[in-house]
Amino acid sequence: QVQLVESGGGLVHPGGSLRLSCEASGFRLDYYAIGWFRQAPGKEREGVSCASSSDGSTYYPNSVKGRFTISRDNAKNTMYLQMNSLQPEDTAIYYCAVDLKITTVQAMCAPPYYGIDYWGKGTLVTVSS
């Protein structure tokens, strides 16, 4: 059974850090480009980090560049999102996703996300004092 299961969300104070994990099962993560997306209440889903499976390329929008880092551990079939210097505007449900065939990591992170093969169910991150 194919699954992506996120963990690591929670409540954090402004300026704090969290590391999200996403464990894949039912398929080999190393074949896929990986990405993290978020959706805040009343807003569209946005891609916050995407990474290629092959050439090491990554994409971050300006809103998170320098604060978020995507990574993977293929031996554990798991992907991660390290989030530093969190701010209240980072509050959202965070989803991991994979795409077997991408054109560019920037395209993977941009709507409408038709190429995404699998989505996780999401984990809530709340940044508040």
# chains A, B, ... in the order shown; residues from 1 in each chain; ligands from 1
$ residues_around --residues "A:Leu18" --least-positions-apart "2" --cutoff "10 Å" --atoms "only C-alpha atoms" --output "tab-separated table (two decimals) with N, CA and C atoms, in the first residue's frame"
chain	number	residue	atom	x	y	z
A	8	GLY	N	5.94	15.39	13.12
A	8	GLY	CA	6.83	16.45	13.58
A	8	GLY	C	6.20	17.82	13.70
A	9	GLY	N	4.94	17.95	13.32
A	9	GLY	CA	4.27	19.23	13.48
A	9	GLY	C	3.97	19.51	14.94
A	10	GLY	N	3.52	20.73	15.20
A	10	GLY	CA	3.17	21.11	16.55
A	10	GLY	C	3.18	22.60	16.74
A	11	LEU	N	3.17	23.02	18.00
A	11	LEU	CA	3.18	24.42	18.37
A	11	LEU	C	4.60	24.88	18.66
A	12	VAL	N	5.00	25.99	18.07
A	12	VAL	CA	6.34	26.52	18.30
A	12	VAL	C	6.24	28.04	18.42
A	16	GLY	N	11.43	29.98	16.59
A	16	GLY	CA	11.79	28.60	16.86
A	16	GLY	C	11.97	27.76	15.61
A	20	LEU	N	10.11	18.52	10.19
A	20	LEU	CA	9.05	17.61	9.75
A	20	LEU	C	9.66	16.40	9.07
A	21	SER	N	9.03	15.26	9.29
A	21	SER	CA	9.45	14.03	8.62
A	21	SER	C	8.28	13.50	7.80
A	68	PHE	N	14.20	27.37	5.39
A	68	PHE	CA	13.76	25.98	5.25
A	68	PHE	C	14.78	25.19	4.44
A	81	LEU	N	11.84	18.17	6.32
A	81	LEU	CA	11.84	19.61	6.10
A	81	LEU	C	12.29	20.26	7.40
A	82	GLN	N	13.48	20.82	7.38
A	82	GLN	CA	13.99	21.57	8.53
A	82	GLN	C	13.52	23.01	8.39
A	83	MET	N	12.82	23.50	9.41
A	83	MET	CA	12.28	24.85	9.37
A	83	MET	C	12.85	25.66	10.54
A	84	ASN	N	13.54	26.72	10.22
A	84	ASN	CA	14.15	27.59	11.23
A	84	ASN	C	13.54	28.99	11.17
A	85	SER	N	13.75	29.75	12.21
A	85	SER	CA	13.27	31.13	12.28
A	85	SER	C	11.79	31.22	11.91
A	86	LEU	N	11.00	30.35	12.48
A	86	LEU	CA	9.59	30.29	12.13
A	86	LEU	C	8.86	31.54	12.59
A	125	VAL	N	1.33	22.79	11.66
A	125	VAL	CA	2.36	23.61	12.30
A	125	VAL	C	1.74	24.93	12.72
$ residues_around --residues "A:Leu100" --least-positions-apart "3" --cutoff "7 Å" --atoms "only C-alpha atoms" --output "list in words"
Tyr31, Tyr32, Ala33 and Asp117 of chain A
$ closest_residue --among "A:Asp30, A:Asp55, A:Asp90, A:Asp99" --to "A:Asn77" --atoms "only C-alpha atoms"
A:Asp30
$ closest_residue --among "A:Val64, A:Leu4, A:Val48, A:Ile116" --to "A:Gln87" --atoms "only C-alpha atoms"
A:Val64
$ closest_residue --among "A:Trp119, A:Tyr94, A:Met108, A:Glu89" --to "A:His13" --atoms "only C-alpha atoms"
A:Glu89
$ atom_distance --atom1 "atom CA of A:Ala75" --atom2 "atom CA of A:Ser25"
12.1 Å
$ select_by_dssp --residues "chain A" --states "helix (DSSP H, G or I)" --output "count of residues only"
10
$ closest_residue --among "A:Ser17, A:Thr104, A:Thr91, A:Ser7" --to "A:Arg67" --atoms "only C-alpha atoms"
A:Ser17
$ atom_distance --atom1 "atom CA of A:Tyr59" --atom2 "atom CA of A:Cys109"
7.6 Å
$ decode --residues "stretch 13-44 of chain A" --atoms "N, CA, C and O atoms" --output "PDB file, in the first residue's frame"
ATOM      1  N   HIS A  13       7.120  28.614  19.216  1.00  0.00           N
ATOM      2  CA  HIS A  13       7.146  30.071  19.376  1.00  0.00           C
ATOM      3  C   HIS A  13       7.819  30.722  18.172  1.00  0.00           C
ATOM      4  O   HIS A  13       8.669  30.100  17.512  1.00  0.00           O
ATOM      5  N   PRO A  14       7.486  31.957  17.890  1.00  0.00           N
ATOM      6  CA  PRO A  14       8.189  32.686  16.815  1.00  0.00           C
ATOM      7  C   PRO A  14       9.696  32.668  17.037  1.00  0.00           C
ATOM      8  O   PRO A  14      10.166  32.844  18.170  1.00  0.00           O
ATOM      9  N   GLY A  15      10.422  32.417  15.963  1.00  0.00           N
ATOM     10  CA  GLY A  15      11.868  32.303  16.046  1.00  0.00           C
ATOM     11  C   GLY A  15      12.342  30.887  16.288  1.00  0.00           C
ATOM     12  O   GLY A  15      13.545  30.607  16.195  1.00  0.00           O
ATOM     13  N   GLY A  16      11.435  29.980  16.587  1.00  0.00           N
ATOM     14  CA  GLY A  16      11.792  28.602  16.863  1.00  0.00           C
ATOM     15  C   GLY A  16      11.971  27.759  15.612  1.00  0.00           C
ATOM     16  O   GLY A  16      11.848  28.253  14.484  1.00  0.00           O
ATOM     17  N   SER A  17      12.259  26.474  15.839  1.00  0.00           N
ATOM     18  CA  SER A  17      12.527  25.541  14.751  1.00  0.00           C
ATOM     19  C   SER A  17      11.699  24.279  14.916  1.00  0.00           C
ATOM     20  O   SER A  17      11.329  23.902  16.045  1.00  0.00           O
ATOM     21  N   LEU A  18      11.437  23.643  13.799  1.00  0.00           N
ATOM     22  CA  LEU A  18      10.802  22.323  13.770  1.00  0.00           C
ATOM     23  C   LEU A  18      11.409  21.544  12.620  1.00  0.00           C
ATOM     24  O   LEU A  18      11.812  22.132  11.608  1.00  0.00           O
ATOM     25  N   ARG A  19      11.420  20.229  12.780  1.00  0.00           N
ATOM     26  CA  ARG A  19      11.787  19.363  11.659  1.00  0.00           C
ATOM     27  C   ARG A  19      10.631  18.419  11.395  1.00  0.00           C
ATOM     28  O   ARG A  19      10.241  17.635  12.268  1.00  0.00           O
ATOM     29  N   LEU A  20      10.109  18.521  10.187  1.00  0.00           N
ATOM     30  CA  LEU A  20       9.054  17.615   9.753  1.00  0.00           C
ATOM     31  C   LEU A  20       9.664  16.396   9.075  1.00  0.00           C
ATOM     32  O   LEU A  20      10.681  16.513   8.385  1.00  0.00           O
ATOM     33  N   SER A  21       9.030  15.263   9.288  1.00  0.00           N
ATOM     34  CA  SER A  21       9.445  14.026   8.624  1.00  0.00           C
ATOM     35  C   SER A  21       8.284  13.495   7.799  1.00  0.00           C
ATOM     36  O   SER A  21       7.113  13.732   8.126  1.00  0.00           O
ATOM     37  N   CYS A  22       8.615  12.751   6.769  1.00  0.00           N
ATOM     38  CA  CYS A  22       7.596  12.121   5.921  1.00  0.00           C
ATOM     39  C   CYS A  22       8.127  10.761   5.511  1.00  0.00           C
ATOM     40  O   CYS A  22       9.074  10.678   4.719  1.00  0.00           O
ATOM     41  N   GLU A  23       7.537   9.730   6.058  1.00  0.00           N
ATOM     42  CA  GLU A  23       7.969   8.369   5.755  1.00  0.00           C
ATOM     43  C   GLU A  23       7.134   7.802   4.618  1.00  0.00           C
ATOM     44  O   GLU A  23       5.902   7.829   4.664  1.00  0.00           O
ATOM     45  N   ALA A  24       7.813   7.286   3.625  1.00  0.00           N
ATOM     46  CA  ALA A  24       7.156   6.690   2.469  1.00  0.00           C
ATOM     47  C   ALA A  24       7.110   5.173   2.623  1.00  0.00           C
ATOM     48  O   ALA A  24       8.054   4.559   3.145  1.00  0.00           O
ATOM     49  N   SER A  25       6.033   4.581   2.163  1.00  0.00           N
ATOM     50  CA  SER A  25       5.918   3.124   2.145  1.00  0.00           C
ATOM     51  C   SER A  25       5.203   2.696   0.873  1.00  0.00           C
ATOM     52  O   SER A  25       4.404   3.443   0.317  1.00  0.00           O
ATOM     53  N   GLY A  26       5.530   1.502   0.421  1.00  0.00           N
ATOM     54  CA  GLY A  26       4.889   0.978  -0.776  1.00  0.00           C
ATOM     55  C   GLY A  26       5.574   1.351  -2.078  1.00  0.00           C
ATOM     56  O   GLY A  26       5.137   0.935  -3.145  1.00  0.00           O
ATOM     57  N   PHE A  27       6.625   2.158  -1.994  1.00  0.00           N
ATOM     58  CA  PHE A  27       7.381   2.539  -3.182  1.00  0.00           C
ATOM     59  C   PHE A  27       8.748   3.041  -2.739  1.00  0.00           C
ATOM     60  O   PHE A  27       8.964   3.350  -1.566  1.00  0.00           O
ATOM     61  N   ARG A  28       9.662   3.130  -3.693  1.00  0.00           N
ATOM     62  CA  ARG A  28      11.019   3.606  -3.385  1.00  0.00           C
ATOM     63  C   ARG A  28      11.106   5.103  -3.560  1.00  0.00           C
ATOM     64  O   ARG A  28      10.934   5.629  -4.666  1.00  0.00           O
ATOM     65  N   LEU A  29      11.388   5.792  -2.461  1.00  0.00           N
ATOM     66  CA  LEU A  29      11.426   7.252  -2.485  1.00  0.00           C
ATOM     67  C   LEU A  29      12.530   7.785  -3.396  1.00  0.00           C
ATOM     68  O   LEU A  29      12.390   8.862  -3.978  1.00  0.00           O
ATOM     69  N   ASP A  30      13.610   7.040  -3.557  1.00  0.00           N
ATOM     70  CA  ASP A  30      14.747   7.571  -4.311  1.00  0.00           C
ATOM     71  C   ASP A  30      14.451   7.718  -5.804  1.00  0.00           C
ATOM     72  O   ASP A  30      15.192   8.409  -6.510  1.00  0.00           O
ATOM     73  N   TYR A  31      13.383   7.118  -6.278  1.00  0.00           N
ATOM     74  CA  TYR A  31      13.005   7.279  -7.680  1.00  0.00           C
ATOM     75  C   TYR A  31      12.257   8.582  -7.942  1.00  0.00           C
ATOM     76  O   TYR A  31      12.084   8.984  -9.091  1.00  0.00           O
ATOM     77  N   TYR A  32      11.829   9.262  -6.881  1.00  0.00           N
ATOM     78  CA  TYR A  32      10.889  10.361  -6.996  1.00  0.00           C
ATOM     79  C   TYR A  32      11.499  11.701  -6.605  1.00  0.00           C
ATOM     80  O   TYR A  32      12.308  11.773  -5.677  1.00  0.00           O
ATOM     81  N   ALA A  33      11.075  12.742  -7.293  1.00  0.00           N
ATOM     82  CA  ALA A  33      11.290  14.090  -6.781  1.00  0.00           C
ATOM     83  C   ALA A  33      10.390  14.273  -5.565  1.00  0.00           C
ATOM     84  O   ALA A  33       9.296  13.701  -5.504  1.00  0.00           O
ATOM     85  N   ILE A  34      10.857  15.060  -4.610  1.00  0.00           N
ATOM     86  CA  ILE A  34      10.117  15.226  -3.359  1.00  0.00           C
ATOM     87  C   ILE A  34       9.766  16.688  -3.144  1.00  0.00           C
ATOM     88  O   ILE A  34      10.455  17.591  -3.639  1.00  0.00           O
ATOM     89  N   GLY A  35       8.713  16.912  -2.382  1.00  0.00           N
ATOM     90  CA  GLY A  35       8.314  18.290  -2.130  1.00  0.00           C
ATOM     91  C   GLY A  35       7.517  18.421  -0.850  1.00  0.00           C
ATOM     92  O   GLY A  35       6.907  17.466  -0.373  1.00  0.00           O
ATOM     93  N   TRP A  36       7.568  19.625  -0.308  1.00  0.00           N
ATOM     94  CA  TRP A  36       6.747  20.005   0.835  1.00  0.00           C
ATOM     95  C   TRP A  36       5.865  21.176   0.427  1.00  0.00           C
ATOM     96  O   TRP A  36       6.341  22.126  -0.217  1.00  0.00           O
ATOM     97  N   PHE A  37       4.623  21.110   0.835  1.00  0.00           N
ATOM     98  CA  PHE A  37       3.635  22.120   0.493  1.00  0.00           C
ATOM     99  C   PHE A  37       2.903  22.511   1.770  1.00  0.00           C
ATOM    100  O   PHE A  37       2.873  21.750   2.735  1.00  0.00           O
ATOM    101  N   ARG A  38       2.294  23.675   1.763  1.00  0.00           N
ATOM    102  CA  ARG A  38       1.524  24.068   2.932  1.00  0.00           C
ATOM    103  C   ARG A  38       0.251  24.791   2.505  1.00  0.00           C
ATOM    104  O   ARG A  38       0.182  25.367   1.417  1.00  0.00           O
ATOM    105  N   GLN A  39      -0.716  24.728   3.395  1.00  0.00           N
ATOM    106  CA  GLN A  39      -1.976  25.434   3.151  1.00  0.00           C
ATOM    107  C   GLN A  39      -2.447  26.035   4.454  1.00  0.00           C
ATOM    108  O   GLN A  39      -2.732  25.318   5.421  1.00  0.00           O
ATOM    109  N   ALA A  40      -2.509  27.356   4.463  1.00  0.00           N
ATOM    110  CA  ALA A  40      -3.025  28.096   5.608  1.00  0.00           C
ATOM    111  C   ALA A  40      -4.521  28.293   5.446  1.00  0.00           C
ATOM    112  O   ALA A  40      -5.040  28.243   4.330  1.00  0.00           O
ATOM    113  N   PRO A  41      -5.237  28.533   6.553  1.00  0.00           N
ATOM    114  CA  PRO A  41      -6.692  28.723   6.461  1.00  0.00           C
ATOM    115  C   PRO A  41      -7.051  29.839   5.492  1.00  0.00           C
ATOM    116  O   PRO A  41      -6.493  30.946   5.565  1.00  0.00           O
ATOM    117  N   GLY A  42      -7.950  29.545   4.568  1.00  0.00           N
ATOM    118  CA  GLY A  42      -8.406  30.543   3.629  1.00  0.00           C
ATOM    119  C   GLY A  42      -7.456  30.868   2.497  1.00  0.00           C
ATOM    120  O   GLY A  42      -7.711  31.783   1.711  1.00  0.00           O
ATOM    121  N   LYS A  43      -6.368  30.116   2.403  1.00  0.00           N
ATOM    122  CA  LYS A  43      -5.373  30.384   1.361  1.00  0.00           C
ATOM    123  C   LYS A  43      -5.189  29.172   0.463  1.00  0.00           C
ATOM    124  O   LYS A  43      -5.542  28.052   0.826  1.00  0.00           O
ATOM    125  N   GLU A  44      -4.602  29.419  -0.699  1.00  0.00           N
ATOM    126  CA  GLU A  44      -4.299  28.340  -1.625  1.00  0.00           C
ATOM    127  C   GLU A  44      -3.093  27.542  -1.119  1.00  0.00           C
ATOM    128  O   GLU A  44      -2.240  28.054  -0.387  1.00  0.00           O
TER     129      GLU A  44
END
